[in-house]
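These notes concern the structure reproduced below.
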Amino acid sequence: MNPIYFPFTYISEPVADALFSCFNKIVLYQPSGLHIPANIKRWAEKGFLHIRIPIKGDEEKLDAVLKDYKVWANLHQGEDIAFFKTQGNRIPFFDELSVSQIQADIKQKKQKNSADPLFDARIFLDIAQEFDRQNLEINHDLFLLNQMEKNLIKNLKGEDAAFDSEVTEFERLELNDPGDYMTSKRIQAWARLFQHDSEMSDLFVTSSRTVKEYLFDKAPEAKIIFRVDSIPVYKRCSEPSEKMDNWRDSLMKYIERLSKEDQIVPEDTFECNSFNEDRKLSHAKVSFTLYIIPAQDPCCFFNRYIQRGLSSTKEKKVGLKIRNTLIGVIGF
């Protein structure tokens, strides 16, 4: 059983490295098989990611609507979708007002299409995925430019130009959290996909501080099981470390116990200090915090975030008895 990354359908390379430091494989949803990013396909081929498409069908219809959206966006901003970037606290064409306007324009062109919340969720997630991908690319380019400027200044001053770039880029992830934008709509759209997934999981992992805060504002019964700080980030290009493999295996065994026990089982200790000298691990560090929503299975838990509810019991094919919902949060 592998953890599911949420509520995003896109993962940047630094986030993928952080996730791989804790888990052998991550499940990532896609709204369709039409526009899977190249890096996602590559990681899936290497066995790190398992791509799952909970809702299939209507691909031609979905593609047509997305083309309409891009035409709409181009008419309002420019020649390509690369306009997705921050302007102060507002993201052009990625706020509630703009999405509502896009949906209204699309409906005027497609009066024959009846309202379909699942189809709308797939459209939203596909647009959000493109936004996340290009926004991360822009932020990465800005980061590299900033690094060049700092190194140039150091060289002009005759100082050592060596720079802690990995740590700085991880810090940027915390400052540029994609979950900041349309948080509730992201979670609602993702939850609709989850409710149609035929495979059950006990653990859901996010790297968004904003998403975590939104979830637990509506789930006061959530409890912290444990937190592990200073986990060295694993370099995916290297062969696995035996110590890291053993740690990840012990973590997953403990998590599987938590999902099925009526009571919270005693906390195991996961020591990371012994990994610090491993050459296959970078000097960047992340944290992992595990939360439990006791006595509530994942279907019921995520159903609370879907407006005008969707019956989870009729949608899911439950193959395992999962008594608790577990949420993992990666911190940078």
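Please note that chains go A, B, ... in the order of the structure tokens, that every chain numbers its residues from 1, and that ligands are numbered from 1 in the order shown.
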Could you give me, as a VMD selection string, the residues within 7 Å of Leu290 in chain A, counting only C-alpha atoms and dropping anything in the same chain fewer than 5 positions from it? chain A and resid 224 to 227 326 to 329
Here is a test: counting only C-alpha atoms, which residue of A:Val211, A:Leu136, A:Ile55, A:Ala295 is nearest to Ile11 in chain A? A:Leu136
Write out as number ranges by chain which residues come within 10 Å of Leu118 in chain A when counting only C-alpha atoms, dropping same-chain ones fewer than 2 positions away. A: 31, 55, 115-116, 120-124, 189-190, 192-193, 196
Atoms kept (C-alpha atoms) for selection, written as a PDB file, in the first residue's frame:
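To be explicit, this is the file written out as result-v2.pdb:
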```pdb
ATOM      1  CA  PRO A  31      -7.357  14.202 -14.158  1.00  0.00           C
ATOM      2  CA  ILE A  55     -12.009   8.870 -13.679  1.00  0.00           C
ATOM      3  CA  ALA A 115     -23.703  20.168 -15.248  1.00  0.00           C
ATOM      4  CA  ASP A 116     -21.227  17.502 -14.186  1.00  0.00           C
ATOM      5  CA  ASP A 120     -15.692  20.238 -13.804  1.00  0.00           C
ATOM      6  CA  ALA A 121     -13.259  18.850 -11.214  1.00  0.00           C
ATOM      7  CA  ARG A 122     -11.126  17.283 -13.950  1.00  0.00           C
ATOM      8  CA  ILE A 123     -11.074  20.559 -15.892  1.00  0.00           C
ATOM      9  CA  PHE A 124     -10.047  22.495 -12.813  1.00  0.00           C
ATOM     10  CA  ALA A 189     -11.753  18.771  -6.897  1.00  0.00           C
ATOM     11  CA  TRP A 190      -9.095  16.287  -5.763  1.00  0.00           C
ATOM     12  CA  ARG A 192     -13.992  14.013  -6.063  1.00  0.00           C
ATOM     13  CA  LEU A 193     -11.320  12.047  -7.903  1.00  0.00           C
ATOM     14  CA  HIS A 196     -13.945   7.369  -7.490  1.00  0.00           C
TER      15      HIS A 196
END
```
Hey, can you check how far CA of Arg323 in chain A sits from CA of Pro220 in chain A? 17.6 Å
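Distance annotation: of A:Ser184, A:Ser230, A:Ser250, A:Asn39, the residue with the minimal separation from Val286 in chain A is A:Ser230; atom set is only C-alpha atoms.
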Choose the residue, out of A:Arg42, A:His35, A:Arg186, A:Arg133, that has the smallest atom-to-atom separation from Ile306 in chain A; count only C-alpha atoms. A:Arg186
Nearest to Asn24 in chain A, chosen from A:Leu49, A:Pro178, A:Phe216, A:Asp202, with only C-alpha atoms counted in the distances: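 Smallest distance to Asn24 in chain A is found for A:Leu49.
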